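Have a look at start18.cif; it's mmCIF, C-alpha atoms:
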```
data_entry
#
loop_
_atom_site.label_atom_id
_atom_site.label_comp_id
_atom_site.auth_asym_id
_atom_site.auth_seq_id
_atom_site.Cartn_x
_atom_site.Cartn_y
_atom_site.Cartn_z
CA MET A 140 7.19 11.15 11.56
CA ASN A 141 4.91 8.82 13.45
CA LEU A 142 2.05 6.59 12.53
CA LEU A 143 -0.61 9.22 13.08
CA ASN A 144 1.20 11.71 10.89
CA MET A 145 1.48 9.13 8.19
CA THR A 146 -2.23 8.40 8.45
CA PHE A 147 -3.16 12.04 7.94
CA ARG A 148 -0.75 12.25 5.07
CA ASN A 149 -2.30 9.17 3.50
CA VAL A 150 -5.78 10.65 3.56
CA GLN A 151 -4.57 14.03 2.39
CA ARG A 152 -2.30 13.00 -0.45
CA ASN A 153 -4.20 9.92 -1.54
CA PHE A 154 -7.51 11.66 -1.95
CA ARG A 155 -8.01 10.35 -5.47
CA VAL A 156 -7.72 6.76 -4.39
CA TYR A 157 -10.04 7.43 -1.49
CA THR A 158 -12.74 9.10 -3.57
CA ILE A 159 -14.63 5.94 -4.49
CA TYR A 160 -14.70 4.83 -0.89
CA LEU A 161 -15.63 8.31 0.26
CA PHE A 162 -18.40 8.44 -2.31
CA ALA A 163 -19.78 5.14 -1.03
CA MET A 164 -19.70 6.39 2.56
CA ILE A 165 -21.37 9.71 1.74
CA THR A 166 -24.12 7.99 -0.24
CA GLY A 167 -24.66 5.61 2.66
CA VAL A 168 -24.93 8.35 5.25
CA MET A 169 -27.14 10.43 3.02
CA VAL A 170 -29.66 7.68 2.33
CA HIS A 171 -29.73 6.54 5.92
CA PHE A 172 -30.14 10.04 7.28
CA THR A 173 -32.92 10.83 4.83
CA PHE A 174 -34.98 7.98 6.19
CA SER A 175 -34.24 8.40 9.85
CA SER A 176 -34.92 12.12 9.80
CA LEU A 177 -38.26 11.48 8.09
CA MET A 178 -39.04 9.14 10.93
CA TYR A 179 -38.38 11.81 13.54
CA ASN A 180 -39.63 14.81 11.58
CA GLN A 181 -41.93 16.77 13.91
CA ASP A 182 -43.91 18.37 11.08
CA ILE A 183 -44.84 14.99 9.67
CA LEU A 184 -45.53 13.43 13.05
CA ASP A 185 -47.86 16.33 13.92
CA VAL A 186 -50.21 15.72 11.03
CA LEU A 187 -50.32 11.94 11.25
CA ASN A 188 -52.94 10.16 13.30
CA ASN A 189 -51.17 6.85 13.31
CA LYS A 190 -47.63 7.74 14.39
CA GLU A 191 -46.62 4.27 15.55
CA SER A 192 -47.27 2.46 12.31
CA PHE A 193 -45.60 5.28 10.35
CA GLN A 194 -42.50 5.00 12.51
CA THR A 195 -42.40 1.19 12.33
CA GLY A 196 -42.81 1.32 8.59
CA VAL A 197 -40.01 3.79 8.07
CA SER A 198 -37.72 2.05 10.56
CA ILE A 199 -38.16 -1.30 8.82
CA ALA A 200 -37.31 0.43 5.55
CA SER A 201 -34.25 2.02 7.09
CA VAL A 202 -33.01 -1.33 8.47
CA VAL A 203 -33.30 -2.86 5.01
CA ILE A 204 -31.50 0.12 3.55
CA PHE A 205 -28.80 -0.13 6.17
CA LEU A 206 -28.16 -3.76 5.26
CA PHE A 207 -27.68 -2.70 1.67
CA ILE A 208 -25.36 0.05 2.78
CA ILE A 209 -23.27 -2.44 4.76
CA PHE A 210 -22.77 -4.61 1.69
CA PHE A 211 -22.10 -1.59 -0.47
CA ILE A 212 -19.47 -0.23 1.86
CA LEU A 213 -17.80 -3.57 2.55
CA TYR A 214 -17.54 -4.04 -1.20
CA ALA A 215 -16.04 -0.59 -1.67
CA ASN A 216 -13.69 -1.16 1.25
CA SER A 217 -12.43 -4.46 -0.08
CA PHE A 218 -11.80 -2.87 -3.47
CA PHE A 219 -9.98 -0.05 -1.75
CA MET A 220 -7.86 -2.45 0.31
CA LYS A 221 -6.96 -4.43 -2.81
CA GLN A 222 -5.72 -1.22 -4.39
CA ARG A 223 -3.39 -0.74 -1.47
CA LYS A 224 -2.14 -4.30 -1.14
CA LYS A 225 1.37 -3.34 -2.17
CA GLU A 226 1.48 -0.49 0.28
CA PHE A 227 0.55 -2.83 3.13
CA GLY A 228 3.05 -5.42 1.92
CA LEU A 229 5.75 -2.78 2.08
CA TYR A 230 4.80 -1.82 5.64
CA LEU A 231 4.94 -5.48 6.65
CA LEU A 232 8.29 -5.96 4.97
CA LEU A 233 9.69 -2.94 6.77
CA GLY A 234 8.64 -4.47 10.06
CA MET A 235 5.23 -3.01 10.84
CA LYS A 236 2.84 -5.34 12.61
CA GLU A 237 -0.55 -6.28 11.18
CA SER A 238 -2.18 -4.75 14.24
CA GLN A 239 -0.38 -1.43 13.68
CA ILE A 240 -1.52 -1.30 10.07
CA THR A 241 -5.06 -2.11 11.13
CA ARG A 242 -4.94 0.71 13.67
CA MET A 243 -3.81 3.05 10.94
CA VAL A 244 -6.62 1.89 8.66
CA PHE A 245 -9.11 2.31 11.50
CA VAL A 246 -8.07 5.92 12.09
CA GLU A 247 -8.30 6.51 8.35
CA ASN A 248 -11.79 5.03 8.39
CA LEU A 249 -12.74 7.33 11.24
CA LEU A 250 -11.41 10.35 9.36
CA ILE A 251 -13.25 9.45 6.18
CA GLY A 252 -16.28 8.46 8.25
CA SER A 253 -16.57 11.78 10.05
CA PHE A 254 -16.03 13.73 6.86
CA SER A 255 -18.78 11.78 5.11
CA LEU A 256 -21.06 12.08 8.15
CA VAL A 257 -20.98 15.87 7.92
CA ILE A 258 -21.49 15.98 4.16
CA GLY A 259 -23.97 13.11 4.15
CA ILE A 260 -26.12 14.57 6.93
CA LEU A 261 -26.30 17.95 5.20
CA LEU A 262 -27.29 16.37 1.89
CA GLY A 263 -29.61 13.91 3.61
CA GLY A 264 -31.39 16.73 5.42
CA LEU A 265 -32.11 18.41 2.12
CA LEU A 266 -33.22 15.17 0.55
CA SER A 267 -35.51 14.36 3.45
CA LYS A 268 -37.24 17.69 3.06
CA PHE A 269 -38.06 16.78 -0.52
CA PHE A 270 -39.12 13.28 0.43
CA GLY A 271 -41.27 14.70 3.20
CA MET A 272 -42.88 17.10 0.77
CA ALA A 273 -43.54 14.30 -1.70
CA LEU A 274 -45.01 12.20 1.09
CA MET A 275 -47.34 14.97 2.22
CA ASN A 276 -48.32 15.51 -1.36
CA LEU A 277 -49.16 11.84 -1.86
CA MET A 278 -51.18 11.75 1.33
CA GLN A 279 -52.87 14.95 0.21
CA TYR A 280 -51.99 17.08 3.18
CA ASP A 281 -50.88 20.61 2.47
CA ASN A 282 -48.63 21.17 5.46
CA VAL A 283 -45.22 22.67 4.94
CA ILE A 284 -42.23 20.52 5.86
CA THR A 285 -39.36 22.56 7.23
CA LEU A 286 -35.75 21.68 6.72
CA ASN A 287 -34.70 20.20 10.02
CA PHE A 288 -32.14 17.91 11.55
CA PRO A 289 -33.70 15.90 14.38
CA TYR A 290 -31.07 15.03 16.97
CA GLN A 291 -32.34 11.44 17.26
CA ALA A 292 -31.73 10.99 13.54
CA ILE A 293 -28.23 12.49 13.79
CA GLY A 294 -27.46 10.30 16.81
CA SER A 295 -28.60 7.07 15.20
CA THR A 296 -26.70 7.87 12.00
CA ILE A 297 -23.49 8.54 13.91
CA ILE A 298 -23.79 5.33 15.94
CA LEU A 299 -24.54 3.20 12.89
CA PHE A 300 -21.60 4.61 10.97
CA LEU A 301 -19.22 4.18 13.86
CA LEU A 302 -20.34 0.57 13.80
CA LEU A 303 -19.70 0.48 10.09
CA ALA A 304 -16.20 1.91 10.50
CA ILE A 305 -15.49 -0.88 12.99
CA ILE A 306 -16.88 -3.56 10.68
CA ALA A 307 -14.87 -2.20 7.75
CA SER A 308 -11.72 -2.17 9.89
CA ILE A 309 -12.26 -5.78 10.91
CA GLN A 310 -12.62 -6.66 7.24
CA SER A 311 -9.42 -4.72 6.53
CA PHE A 312 -7.60 -6.58 9.27
CA PHE A 313 -8.43 -9.92 7.66
CA MET A 314 -7.35 -8.60 4.28
CA ILE A 315 -4.10 -7.27 5.67
CA SER A 316 -3.35 -10.57 7.40
CA ARG A 317 -3.73 -12.30 4.08
CA VAL A 318 -1.21 -10.08 2.28
CA GLN A 319 1.57 -12.21 0.84
CA LEU A 320 4.94 -10.52 0.87
CA VAL A 321 5.80 -12.36 -2.34
CA GLU A 322 3.31 -10.17 -4.16
CA LEU A 323 5.60 -7.18 -3.65
CA PHE A 324 7.92 -8.64 -6.22
CA HIS A 325 5.28 -9.12 -8.86
CA ALA A 326 5.42 -6.14 -11.13
CA LYS A 327 2.03 -4.49 -11.69
CA GLU A 328 -1.00 -5.81 -9.94
CA LYS A 329 -3.50 -7.97 -11.76
CA TRP A 330 -7.13 -7.06 -11.72
CA LYS A 331 -9.73 -9.72 -11.38
CA ASN A 332 -13.42 -10.17 -10.75
CA ARG A 333 -14.19 -6.56 -9.89
CA TYR A 334 -15.63 -5.63 -13.25
CA LEU A 335 -18.04 -2.96 -12.09
CA LEU A 336 -15.68 -1.06 -9.84
CA ARG A 337 -12.81 -1.63 -12.19
CA SER A 338 -14.59 -0.01 -15.08
CA LEU A 339 -15.76 2.84 -12.86
CA TRP A 340 -12.19 3.27 -11.69
CA GLN A 341 -10.83 3.28 -15.22
CA LEU A 342 -13.37 5.86 -16.26
CA TYR A 343 -12.43 7.95 -13.29
CA ARG A 344 -8.76 7.85 -14.09
CA MET B 223 21.43 -14.66 -13.53
CA GLY B 224 19.49 -17.00 -15.74
CA PRO B 225 16.69 -17.19 -18.31
CA SER B 226 13.02 -16.74 -17.45
CA GLY B 227 11.74 -19.61 -15.38
CA SER B 228 15.14 -20.61 -14.08
CA GLY B 229 14.08 -19.93 -10.52
CA LYS B 230 15.89 -16.66 -9.84
CA THR B 231 13.03 -14.91 -8.13
CA THR B 232 12.01 -18.01 -6.24
CA LEU B 233 15.56 -18.37 -4.96
CA MET B 234 15.54 -14.80 -3.77
CA ASN B 235 12.14 -15.11 -2.11
CA VAL B 236 13.37 -18.14 -0.26
CA LEU B 237 16.67 -16.54 0.79
CA SER B 238 14.92 -13.43 1.98
CA THR B 239 12.43 -15.59 3.95
CA ILE B 240 9.37 -14.06 2.35
CA ASP B 241 8.45 -17.38 0.80
CA LYS B 242 8.30 -20.81 2.41
CA PHE B 243 10.17 -23.81 1.15
CA SER B 244 10.03 -27.53 1.75
CA GLY B 245 13.67 -28.46 2.09
CA GLY B 246 17.05 -26.93 2.89
CA GLU B 247 18.36 -24.21 5.17
CA VAL B 248 19.13 -20.49 4.97
CA TRP B 249 21.94 -19.09 7.06
CA LEU B 250 22.73 -15.40 7.43
CA GLU B 251 25.25 -13.98 9.90
CA GLU B 252 25.56 -17.36 11.62
CA GLN B 253 21.84 -17.49 12.18
CA ALA B 254 19.69 -20.24 10.72
CA LEU B 255 16.69 -18.28 9.56
CA LEU B 256 14.39 -21.27 9.70
CA ASP B 257 14.86 -21.48 13.46
CA LEU B 258 13.38 -18.06 14.01
CA ASN B 259 9.71 -17.59 14.81
CA LYS B 260 7.52 -15.15 12.95
CA LYS B 261 8.25 -12.24 15.28
CA ALA B 262 12.02 -12.75 15.40
CA LEU B 263 12.04 -13.14 11.66
CA ARG B 264 10.20 -9.86 11.26
CA THR B 265 12.80 -8.10 13.39
CA PHE B 266 15.64 -9.80 11.59
CA ARG B 267 14.25 -8.79 8.23
CA GLN B 268 13.70 -5.26 9.46
CA GLU B 269 17.22 -4.86 10.80
CA ARG B 270 19.45 -7.01 8.63
CA MET B 271 17.85 -7.04 5.17
CA GLY B 272 17.15 -4.45 2.53
CA PHE B 273 15.00 -4.79 -0.58
CA ILE B 274 15.02 -3.17 -4.00
CA PHE B 275 12.13 -3.96 -6.32
CA GLN B 276 11.73 -3.76 -10.05
CA ASP B 277 8.87 -1.29 -9.77
CA TYR B 278 10.37 0.66 -6.84
CA ASN B 279 7.45 0.34 -4.40
CA LEU B 280 7.87 3.87 -3.12
CA LEU B 281 4.88 5.39 -1.36
CA ASP B 282 3.39 8.20 -3.42
CA THR B 283 2.09 9.90 -0.30
CA LEU B 284 5.57 10.53 1.10
CA THR B 285 8.44 12.64 -0.19
CA ILE B 286 11.62 10.93 -1.40
CA LYS B 287 13.31 11.75 1.88
CA GLU B 288 10.43 10.38 3.96
CA ASN B 289 10.37 7.27 1.82
CA ILE B 290 14.07 6.69 2.41
CA LEU B 291 13.68 7.24 6.13
CA LEU B 292 10.54 5.10 6.43
CA PRO B 293 12.30 1.96 7.71
CA LEU B 294 13.99 4.08 10.37
CA SER B 295 10.86 5.99 11.40
CA LEU B 296 8.98 2.73 11.79
CA ARG B 297 11.72 1.70 14.20
CA LYS B 298 11.35 5.03 16.03
CA PHE B 299 14.82 6.43 15.42
CA SER B 300 15.45 10.00 16.61
CA SER B 301 15.40 12.61 13.88
CA ASP B 302 19.05 13.53 14.54
CA GLU B 303 20.10 9.95 14.01
CA MET B 304 17.98 9.76 10.86
CA GLU B 305 19.55 12.93 9.42
CA ARG B 306 23.00 11.64 10.26
CA ARG B 307 22.37 8.41 8.37
CA LEU B 308 20.58 10.06 5.49
CA ARG B 309 23.38 12.37 4.40
CA PRO B 310 26.06 9.88 3.22
CA VAL B 311 23.49 7.68 1.52
CA ILE B 312 21.81 10.39 -0.54
CA GLN B 313 25.17 11.88 -1.38
CA ALA B 314 26.47 8.56 -2.63
CA LEU B 315 23.35 8.06 -4.73
CA ASN B 316 23.25 11.65 -5.92
CA ILE B 317 19.62 12.33 -4.99
CA GLU B 318 20.19 15.24 -2.62
CA GLU B 319 18.37 17.79 -4.74
CA ILE B 320 15.21 15.70 -5.18
CA GLN B 321 14.79 14.70 -1.53
CA ASP B 322 11.77 16.95 -0.98
CA LYS B 323 9.95 15.93 -4.14
CA TYR B 324 7.28 13.28 -4.37
CA PRO B 325 7.91 10.02 -6.27
CA THR B 326 5.49 11.04 -9.01
CA GLU B 327 7.65 14.07 -9.77
CA VAL B 328 10.95 12.31 -10.42
CA SER B 329 12.30 9.96 -13.10
CA GLY B 330 12.40 6.18 -12.94
CA GLY B 331 16.14 6.18 -12.41
CA GLN B 332 15.80 8.60 -9.51
CA LYS B 333 13.01 6.52 -8.00
CA GLN B 334 15.16 3.43 -8.17
CA ARG B 335 18.04 5.28 -6.54
CA ALA B 336 15.67 6.42 -3.79
CA SER B 337 14.53 2.87 -3.21
CA SER B 338 18.17 1.74 -3.12
CA ALA B 339 18.77 4.41 -0.49
CA ARG B 340 15.81 3.08 1.50
CA ALA B 341 17.26 -0.42 1.30
CA ILE B 342 20.72 0.59 2.44
CA ILE B 343 19.91 3.15 5.13
CA THR B 344 19.28 0.56 7.82
CA ASN B 345 22.83 -0.67 7.27
CA PRO B 346 21.70 -4.21 6.50
CA ALA B 347 23.80 -7.34 6.17
CA ILE B 348 22.38 -8.03 2.73
CA VAL B 349 20.32 -6.21 0.13
CA PHE B 350 18.08 -8.19 -2.22
CA ALA B 351 17.50 -6.57 -5.58
CA ASP B 352 15.07 -8.15 -8.03
CA GLU B 353 15.76 -6.86 -11.57
CA PRO B 354 16.50 -3.34 -10.28
CA THR B 355 17.29 -2.12 -13.79
CA GLY B 356 14.34 -3.88 -15.41
CA ALA B 357 12.29 -0.72 -15.87
CA LEU B 358 15.13 1.71 -16.58
CA ASP B 359 16.67 3.03 -19.78
CA SER B 360 20.27 2.04 -20.36
CA ARG B 361 21.75 5.31 -19.16
CA SER B 362 19.93 5.33 -15.82
CA ALA B 363 20.61 1.63 -15.51
CA THR B 364 24.35 2.09 -15.90
CA GLN B 365 24.31 4.95 -13.42
CA LEU B 366 22.37 2.89 -10.89
CA LEU B 367 24.64 -0.14 -11.28
CA GLU B 368 27.75 2.00 -10.79
CA GLN B 369 26.25 3.49 -7.67
CA LEU B 370 25.20 0.11 -6.29
CA ALA B 371 28.76 -1.11 -6.84
CA SER B 372 30.13 1.87 -4.96
CA LEU B 373 27.59 1.42 -2.14
CA ASN B 374 28.83 -2.13 -1.89
CA GLU B 375 32.39 -0.76 -1.49
CA THR B 376 31.69 2.07 0.94
CA PHE B 377 29.06 0.47 3.16
CA GLN B 378 30.40 -3.09 2.91
CA THR B 379 26.90 -4.41 2.29
CA THR B 380 26.39 -7.56 0.28
CA ILE B 381 24.06 -6.97 -2.63
CA LEU B 382 22.32 -9.93 -4.20
CA MET B 383 21.01 -8.87 -7.57
CA ILE B 384 18.78 -10.83 -9.88
CA THR B 385 19.02 -10.01 -13.54
CA HIS B 386 18.83 -11.53 -16.97
CA ASP B 387 20.95 -8.76 -18.45
CA SER B 388 24.61 -9.74 -18.95
CA TYR B 389 25.69 -6.13 -18.89
CA ALA B 390 24.12 -5.61 -15.47
CA ALA B 391 25.74 -8.81 -14.26
CA SER B 392 29.18 -7.57 -15.33
CA PHE B 393 29.08 -5.01 -12.49
CA CYS B 394 29.08 -7.82 -9.93
CA LYS B 395 31.99 -9.53 -8.21
CA ARG B 396 30.51 -12.96 -8.61
CA VAL B 397 27.92 -14.26 -11.03
CA ILE B 398 25.94 -17.45 -10.54
CA PHE B 399 24.08 -18.88 -13.52
CA LEU B 400 20.80 -20.62 -12.92
CA ARG B 401 18.84 -22.81 -15.23
CA ASP B 402 15.70 -24.87 -14.61
CA GLY B 403 16.02 -24.45 -10.89
CA GLY B 404 19.66 -25.41 -10.54
CA ILE B 405 23.09 -23.78 -10.55
CA VAL B 406 24.81 -24.49 -13.84
CA ASN B 407 27.86 -22.22 -13.69
CA GLU B 408 29.64 -19.63 -11.64
CA LEU B 409 32.08 -16.82 -12.41
CA TYR B 410 34.23 -14.61 -10.23
CA LYS B 411 35.33 -11.23 -11.50
CA GLY B 412 38.65 -11.18 -9.67
CA ASP B 413 41.05 -8.67 -11.19
CA GLN B 414 39.69 -8.61 -14.72
CA SER B 415 38.38 -5.44 -16.26
CA GLN B 416 34.65 -5.07 -16.54
CA SER B 417 34.65 -5.55 -20.30
CA ASP B 418 36.65 -8.79 -20.05
CA PHE B 419 34.21 -10.01 -17.41
CA PHE B 420 31.30 -9.03 -19.62
CA ASP B 421 32.81 -11.06 -22.50
CA ARG B 422 33.19 -14.09 -20.27
CA ILE B 423 29.58 -13.82 -19.09
CA LEU B 424 28.41 -13.63 -22.70
CA HIS B 425 30.56 -16.62 -23.54
CA ILE B 426 29.08 -18.74 -20.74
CA GLN B 427 25.64 -17.69 -21.81
CA SER B 428 26.10 -18.79 -25.38
CA ALA B 429 27.60 -22.06 -24.16
CA MET B 430 24.49 -22.56 -22.05
CA GLY B 431 22.32 -22.35 -25.14
CA GLY B 432 22.07 -18.62 -25.39
CA ASN B 433 18.32 -18.34 -25.52
CA GLN B 434 18.35 -15.38 -23.19
CA ARG B 435 16.18 -12.40 -23.64
#
```

What is this file in structure tokens?
Amino acid sequence: MNLLNMTFRNVQRNFRVYTIYLFAMITGVMVHFTFSSLMYNQDILDVLNNKESFQTGVSIASVVIFLFIIFFILYANSFFMKQRKKEFGLYLLLGMKESQITRMVFVENLLIGSFSLVIGILLGGLLSKFFGMALMNLMQYDNVITLNFPYQAIGSTIILFLLLAIIASIQSFFMISRVQLVELFHAKEKWKNRYLLRSLWQLYR
Amino acid sequence: MGPSGSGKTTLMNVLSTIDKFSGGEVWLEEQALLDLNKKALRTFRQERMGFIFQDYNLLDTLTIKENILLPLSLRKFSSDEMERRLRPVIQALNIEEIQDKYPTEVSGGQKQRASSARAIITNPAIVFADEPTGALDSRSATQLLEQLASLNETFQTTILMITHDSYAASFCKRVIFLRDGGIVNELYKGDQSQSDFFDRILHIQSAMGGNQR
């Protein structure tokens, strides 16, 4: 059994532990895609006179949203890594290098990332249709907004989330480097500071 | 062995090089471990040391067999070689029939036997065991201790066990008593029966003040 096999096994068998992280990723993709597909939606662009200012407005909003998503996902990732501290400690004790573990975590991130991209884009497409309809309604146009998935929106979402997977892996690398082997011998991990996620997690269990 | 706070775990962390210390030396197989750099130390730990933890530290994502073989697969052993090494170990520990189950499906005693198998499969020079029976009921504990003793015989591996339980200590060949960070007494089993040895350990303990848990 090699590293890649183990990675797949981790994602497969550990789905419960991954759910919170996955949920964060899907929400992120969904929200981001909703906005970027509004920006490129042909039906909306057709009826607007002032396309440029509409696109600038929405793109500023989507940058702000993306910043929030980054914090959200880094938070979820650090929680997730803390959960797995012992697992990483064990790998280190058995002679795995920090870089190998990071590679494993990166592949895991890519797996989770692509899964949440598919789900998130589908949900985001739906959501953007409703947002588009609401927008048209507010601006008192009566055009119909079709459900569509502009390729520019898909492209930008994929690029941004690849970036996010890289950022999360860098964060994981620093967390893995800080793992103290001594902690392996402490029975039962102590929880601290993560009240919100902790209570969510307890509810979930 | 020794009471809480006597420095047992710290001693083991230091001996097994997973904690740093400010003075003294650790020698294993004629190698001063302090002289090794981080990379050499990692290899040394991987090849010459085994670990058994109080709460097993098995990976829930892998089967018992994969858990036991993990140290070997990380070192890229061939699967033939892994099978060849697996057989005697799981036979000695009597976990053959649970090898394809996941850790969540087996009992605490079986988990601890699996983690002992994982520690011994690399054929290490020394196995460090921190309170291996701490989370087990007395029947599984006795079974585990008997099996560790027989592993020690058959594989000629030194096992350094930390415990505060005199009964667990009576399975050992040599018992060192710690208190407040220092060695206060030492016993060798020699040719005595286990129950005589147990009595002597109890005697030393009560002489030391007897405020053990």

Check every residue of chain B for an atom within 6 Å of chain A, counting only C-alpha atoms, and provide those that qualify as number ranges by chain. B: 240, 264, 268, 283, 293

Tell me, as a PDB file with C-alpha atoms, in the coordinates of the input, which residues lie within 12 Å of Leu184 of chain A, counting only C-alpha atoms; anything in the same chain fewer than 3 positions away does not count.
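Written out: result09.pdb:
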```
ATOM      1  CA  SER A 176     -34.920  12.120   9.800  1.00  0.00           C
ATOM      2  CA  LEU A 177     -38.260  11.480   8.090  1.00  0.00           C
ATOM      3  CA  MET A 178     -39.040   9.140  10.930  1.00  0.00           C
ATOM      4  CA  TYR A 179     -38.380  11.810  13.540  1.00  0.00           C
ATOM      5  CA  ASN A 180     -39.630  14.810  11.580  1.00  0.00           C
ATOM      6  CA  GLN A 181     -41.930  16.770  13.910  1.00  0.00           C
ATOM      7  CA  LEU A 187     -50.320  11.940  11.250  1.00  0.00           C
ATOM      8  CA  ASN A 188     -52.940  10.160  13.300  1.00  0.00           C
ATOM      9  CA  ASN A 189     -51.170   6.850  13.310  1.00  0.00           C
ATOM     10  CA  LYS A 190     -47.630   7.740  14.390  1.00  0.00           C
ATOM     11  CA  GLU A 191     -46.620   4.270  15.550  1.00  0.00           C
ATOM     12  CA  SER A 192     -47.270   2.460  12.310  1.00  0.00           C
ATOM     13  CA  PHE A 193     -45.600   5.280  10.350  1.00  0.00           C
ATOM     14  CA  GLN A 194     -42.500   5.000  12.510  1.00  0.00           C
ATOM     15  CA  GLY A 271     -41.270  14.700   3.200  1.00  0.00           C
ATOM     16  CA  MET A 275     -47.340  14.970   2.220  1.00  0.00           C
ATOM     17  CA  ASN A 282     -48.630  21.170   5.460  1.00  0.00           C
ATOM     18  CA  ILE A 284     -42.230  20.520   5.860  1.00  0.00           C
TER      19      ILE A 284
END
```

To one decimal place in Å, what is the distance between atom CA of Met383 of chain B and atom CA of Leu296 of chain B? 25.6 Å

Residues matched by the PyMOL selection byres ((chain B and resi 345-355) around 10) as a PyMOL selection string: (chain A and resi 324-325) or (chain B and resi 223+230-231+234-235+237-238+250-251+266-278+307+330-331+334-335+337-338+340-344+356-360+362-367+374+377-387+390)

For atom CA of Ile251 of chain A and atom CA of Ser175 of chain A, quote the distance in Å rounded to one decimal.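 Distance reported for this atom pair: 21.3 Å.
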
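With all atoms listed in the file as the atoms that count, the residue of B:Gly412, B:Ala371, B:Ser417, B:Val406 with the shortest distance to Pro225 of chain B is B:Val406.
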
Can I get C-alpha atoms for segment 352-387 of chain B, as a short mmCIF file (atom, residue, chain, number, x, y, z; two decimals), in the first residue's frame?
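And here is the file that came out, selection_31.cif:
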```
data_model
loop_
_atom_site.label_atom_id
_atom_site.label_comp_id
_atom_site.auth_asym_id
_atom_site.auth_seq_id
_atom_site.Cartn_x
_atom_site.Cartn_y
_atom_site.Cartn_z
CA ASP B 352 3.73 3.80 28.11
CA GLU B 353 1.08 2.32 30.43
CA PRO B 354 0.04 -0.26 27.82
CA THR B 355 -2.50 -1.80 30.19
CA GLY B 356 -3.83 1.55 31.42
CA ALA B 357 -7.07 1.36 29.45
CA LEU B 358 -7.64 -2.41 29.67
CA ASP B 359 -9.69 -4.58 31.99
CA SER B 360 -7.70 -6.96 34.14
CA ARG B 361 -8.28 -10.01 31.96
CA SER B 362 -7.11 -8.37 28.73
CA ALA B 363 -4.28 -6.75 30.65
CA THR B 364 -3.01 -10.08 31.94
CA GLN B 365 -3.27 -11.58 28.47
CA LEU B 366 -1.37 -8.68 26.94
CA LEU B 367 1.36 -8.78 29.57
CA GLU B 368 1.84 -12.54 29.08
CA GLN B 369 2.11 -12.02 25.36
CA LEU B 370 4.56 -9.13 25.71
CA ALA B 371 6.69 -11.34 27.94
CA SER B 372 6.67 -14.09 25.34
CA LEU B 373 7.46 -11.63 22.54
CA ASN B 374 10.42 -10.56 24.60
CA GLU B 375 11.53 -14.22 24.73
CA THR B 376 10.93 -15.18 21.11
CA PHE B 377 12.02 -12.00 19.34
CA GLN B 378 14.73 -11.03 21.85
CA THR B 379 13.48 -7.45 21.89
CA THR B 380 13.95 -5.31 24.96
CA ILE B 381 10.66 -3.91 26.18
CA LEU B 382 10.70 -0.86 28.40
CA MET B 383 7.33 -0.58 30.07
CA ILE B 384 6.05 2.26 32.18
CA THR B 385 3.39 1.40 34.70
CA HIS B 386 2.14 2.26 38.14
CA ASP B 387 0.53 -1.14 38.53
#
```
